[in-house]
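See below for data_28.cif, which holds mmCIF, C-alpha atoms.
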data_final
#
loop_
_atom_site.group_PDB
_atom_site.id
_atom_site.type_symbol
_atom_site.label_atom_id
_atom_site.label_comp_id
_atom_site.auth_asym_id
_atom_site.auth_seq_id
_atom_site.Cartn_x
_atom_site.Cartn_y
_atom_site.Cartn_z
ATOM 1 C CA MET A 1 -19.529 10.995 -7.631
ATOM 2 C CA ASN A 2 -17.377 12.145 -4.723
ATOM 3 C CA THR A 3 -15.315 15.284 -4.924
ATOM 4 C CA PRO A 4 -11.641 14.889 -3.965
ATOM 5 C CA ASN A 5 -12.212 16.578 -0.579
ATOM 6 C CA THR A 6 -15.232 14.378 0.187
ATOM 7 C CA ALA A 7 -13.341 11.234 -0.824
ATOM 8 C CA THR A 8 -10.388 12.257 1.365
ATOM 9 C CA ALA A 9 -12.693 12.859 4.348
ATOM 10 C CA GLU A 10 -14.316 9.453 3.817
ATOM 11 C CA ILE A 11 -10.935 7.744 3.647
ATOM 12 C CA GLU A 12 -9.785 9.373 6.861
ATOM 13 C CA THR A 13 -12.622 7.639 8.713
ATOM 14 C CA LEU A 14 -11.197 4.279 7.563
ATOM 15 C CA LEU A 15 -7.652 4.969 8.769
ATOM 16 C CA ASP A 16 -5.964 4.825 12.138
ATOM 17 C CA GLN A 17 -3.867 7.707 13.518
ATOM 18 C CA GLU A 18 -0.829 6.642 11.481
ATOM 19 C CA GLY A 19 -2.744 6.373 8.212
ATOM 20 C CA PHE A 20 -3.118 2.595 8.063
ATOM 21 C CA PHE A 21 -6.463 0.969 7.280
ATOM 22 C CA CYS A 22 -8.346 -0.180 10.369
ATOM 23 C CA ASP A 23 -10.057 -2.917 8.340
ATOM 24 C CA PRO A 24 -8.317 -4.017 5.120
ATOM 25 C CA GLU A 25 -11.628 -5.357 3.798
ATOM 26 C CA THR A 26 -12.887 -1.773 3.368
ATOM 27 C CA TRP A 27 -10.103 -1.054 0.833
ATOM 28 C CA THR A 28 -10.911 -0.602 -2.845
ATOM 29 C CA GLU A 29 -8.772 0.237 -5.845
ATOM 30 C CA GLU A 30 -10.476 3.632 -6.033
ATOM 31 C CA LEU A 31 -9.482 4.352 -2.422
ATOM 32 C CA ALA A 32 -5.917 3.363 -3.334
ATOM 33 C CA ARG A 33 -5.959 5.894 -6.186
ATOM 34 C CA VAL A 34 -7.179 8.676 -3.886
ATOM 35 C CA ILE A 35 -4.609 7.882 -1.173
ATOM 36 C CA ALA A 36 -1.848 7.739 -3.774
ATOM 37 C CA ARG A 37 -2.841 11.108 -5.283
ATOM 38 C CA ASN A 38 -3.105 12.693 -1.826
ATOM 39 C CA ASP A 39 0.361 11.382 -0.988
ATOM 40 C CA GLY A 40 2.026 12.574 -4.186
ATOM 41 C CA VAL A 41 1.836 9.452 -6.356
ATOM 42 C CA PRO A 42 -0.170 10.888 -9.251
ATOM 43 C CA GLU A 43 -0.828 7.691 -11.206
ATOM 44 C CA LEU A 44 -0.834 4.014 -10.305
ATOM 45 C CA THR A 45 0.766 2.117 -13.182
ATOM 46 C CA PRO A 46 0.655 -1.640 -13.817
ATOM 47 C CA ASP A 47 3.915 -1.936 -11.828
ATOM 48 C CA HIS A 48 2.288 -0.160 -8.871
ATOM 49 C CA TRP A 49 -0.713 -2.489 -9.053
ATOM 50 C CA ALA A 50 1.506 -5.572 -9.216
ATOM 51 C CA ILE A 51 3.178 -4.559 -5.942
ATOM 52 C CA ILE A 52 -0.096 -3.472 -4.308
ATOM 53 C CA HIS A 53 -1.773 -6.802 -5.087
ATOM 54 C CA ALA A 54 1.331 -8.762 -4.050
ATOM 55 C CA LEU A 55 1.368 -6.952 -0.684
ATOM 56 C CA ARG A 56 -2.320 -7.659 -0.144
ATOM 57 C CA GLU A 57 -1.883 -11.303 -1.088
ATOM 58 C CA HIS A 58 1.111 -11.692 1.249
ATOM 59 C CA TYR A 59 -0.810 -10.067 4.087
ATOM 60 C CA HIS A 60 -3.866 -12.284 3.537
ATOM 61 C CA ARG A 61 -1.688 -15.409 3.458
ATOM 62 C CA PHE A 62 0.639 -14.642 6.367
ATOM 63 C CA GLY A 63 -0.923 -11.772 8.321
ATOM 64 C CA THR A 64 2.324 -9.790 8.256
ATOM 65 C CA ALA A 65 4.504 -7.615 6.077
ATOM 66 C CA PRO A 66 7.021 -9.478 3.927
ATOM 67 C CA PRO A 67 10.442 -9.830 5.574
ATOM 68 C CA ALA A 68 12.116 -8.317 2.491
ATOM 69 C CA PHE A 69 10.058 -6.093 0.226
ATOM 70 C CA SER A 70 12.728 -6.361 -2.480
ATOM 71 C CA HIS A 71 11.629 -9.976 -3.068
ATOM 72 C CA LEU A 72 8.315 -8.632 -4.369
ATOM 73 C CA CYS A 73 10.223 -6.544 -6.907
ATOM 74 C CA ASN A 74 12.188 -9.595 -8.001
ATOM 75 C CA GLU A 75 9.062 -11.760 -8.261
ATOM 76 C CA HIS A 76 7.509 -9.211 -10.619
ATOM 77 C CA HIS A 77 10.697 -8.763 -12.693
ATOM 78 C CA LEU A 78 11.223 -5.214 -11.468
ATOM 79 C CA GLU A 79 14.464 -3.667 -10.294
ATOM 80 C CA ARG A 80 15.509 -4.324 -6.682
ATOM 81 C CA HIS A 81 14.469 -0.906 -5.345
ATOM 82 C CA CYS A 82 11.180 -0.747 -7.233
ATOM 83 C CA ILE A 83 9.095 -0.015 -4.148
ATOM 84 C CA GLU A 84 11.115 3.041 -3.184
ATOM 85 C CA ASN A 85 11.070 4.222 -6.798
ATOM 86 C CA LEU A 86 7.347 3.633 -7.285
ATOM 87 C CA PHE A 87 6.009 4.637 -3.852
ATOM 88 C CA ARG A 88 8.921 6.456 -2.132
ATOM 89 C CA SER A 89 8.822 3.961 0.766
ATOM 90 C CA GLU A 90 7.654 0.516 1.796
ATOM 91 C CA ARG A 91 5.404 2.137 4.384
ATOM 92 C CA GLU A 92 3.692 4.183 1.657
ATOM 93 C CA ALA A 93 3.179 1.084 -0.499
ATOM 94 C CA TRP A 94 1.655 -0.703 2.521
ATOM 95 C CA ARG A 95 -0.708 2.225 3.162
ATOM 96 C CA ILE A 96 -1.833 2.494 -0.477
ATOM 97 C CA ALA A 97 -2.403 -1.282 -0.479
ATOM 98 C CA GLY A 98 -4.963 -0.669 2.272
ATOM 99 C CA LEU A 99 -3.328 -2.785 4.939
ATOM 100 C CA PRO A 100 -3.469 -2.351 8.716
ATOM 101 C CA ASP A 101 -0.702 -1.211 11.024
ATOM 102 C CA PRO A 102 2.043 -3.824 10.498
ATOM 103 C CA GLY A 103 3.366 -3.458 14.058
ATOM 104 C CA GLU A 104 6.337 -1.664 15.524
ATOM 105 C CA GLU A 105 8.951 -4.189 14.393
ATOM 106 C CA ALA A 106 7.847 -4.055 10.757
ATOM 107 C CA LYS A 107 7.523 -0.258 10.797
ATOM 108 C CA ALA A 108 11.129 -0.070 12.001
ATOM 109 C CA TYR A 109 12.383 -1.561 8.731
ATOM 110 C CA MET A 110 9.820 0.024 6.405
#
Mind turning the file's structure into structure tokens?
Amino acid sequence: MNTPNTATAEIETLLDQEGFFCDPETWTEELARVIARNDGVPELTPDHWAIIHALREHYHRFGTAPPAFSHLCNEHHLERHCIENLFRSEREAWRIAGLPDPGEEAKAYM
């Protein structure tokens, strides 16, 4: 089993300079847990996983970030600002979900 430092070093090889996955197919739930812990999200709850999987599904369907992240909260019967409350930011949720750089326009509203 990997130690936390080894796992972090392995993850860094999968990320670009801004911390986004270079290839979303290399993402695993275990990698999400390590990234979350490293970034100050100690535990991924069922609400976290609902948003993570919704982000991944949206990306795989449309190839982009959702135009309004709050719709994901609504779809999962969570309060409007669930992403900020669960992950601190939309950008952080996107990173933990193992998705690639969403582009400058999307990053501007994340």
Point-to-point distance in Å for CA of Arg95 in chain A and CA of Thr28 in chain A: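 Rounded to one decimal, the two atoms are 12.2 Å apart.
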Output of the PyMOL selection byres ((chain A and resi 73-88) around 8), listed as a list in words: Val41, Asp47, His48, Ala50, Ile51, Phe69, Ser70, His71, Leu72, Ser89, Glu90, Glu92 and Ala93 of chain A
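Nearest residue to Asp39 in chain A among A:Gln17, A:Arg91, A:Pro67, A:Ala54 is A:Arg91, counting all atoms listed in the file.
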Distance query Gly103 in chain A at most 10 Å, only C-alpha atoms, self and fewer than 5 positions along chain excluded, as a ChimeraX atom specification: /A:64-65,108
Just write the chosen residues, C-alpha atoms, as a PDB file, keeping the file's coordinate frame.
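The new file selection_19.pdb reads:
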ATOM      1  CA  THR A  64       2.324  -9.790   8.256  1.00  0.00           C
ATOM      2  CA  ALA A  65       4.504  -7.615   6.077  1.00  0.00           C
ATOM      3  CA  ALA A 108      11.129  -0.070  12.001  1.00  0.00           C
TER       4      ALA A 108
END
Straight-line distance linking CA of Met110 in chain A with CA of Trp94 in chain A, stated in Å to one decimal: 9.1 Å
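Here CA of Glu57 in chain A is placed at a distance of 15.4 Å from CA of Ala32 in chain A.
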Selection: 9 Å around Trp27 in chain A, all atoms listed in the file, excl. self and same-chain fewer than 5 positions, as an mmCIF file with C-alpha atoms, in the frame of the given file:
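Ended up saving to around-v1.cif:
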data_model
loop_
_atom_site.group_PDB
_atom_site.id
_atom_site.type_symbol
_atom_site.label_atom_id
_atom_site.label_comp_id
_atom_site.auth_asym_id
_atom_site.auth_seq_id
_atom_site.Cartn_x
_atom_site.Cartn_y
_atom_site.Cartn_z
ATOM 1 C CA LEU A 14 -11.197 4.279 7.563
ATOM 2 C CA PHE A 21 -6.463 0.969 7.280
ATOM 3 C CA ALA A 32 -5.917 3.363 -3.334
ATOM 4 C CA ALA A 97 -2.403 -1.282 -0.479
ATOM 5 C CA GLY A 98 -4.963 -0.669 2.272
ATOM 6 C CA LEU A 99 -3.328 -2.785 4.939
#
Residues matched by the PyMOL selection byres ((chain A and resi 37) around 12) as a PyMOL selection string: chain A and resi 4-5+7-8+30-36+38-44+87+92+96
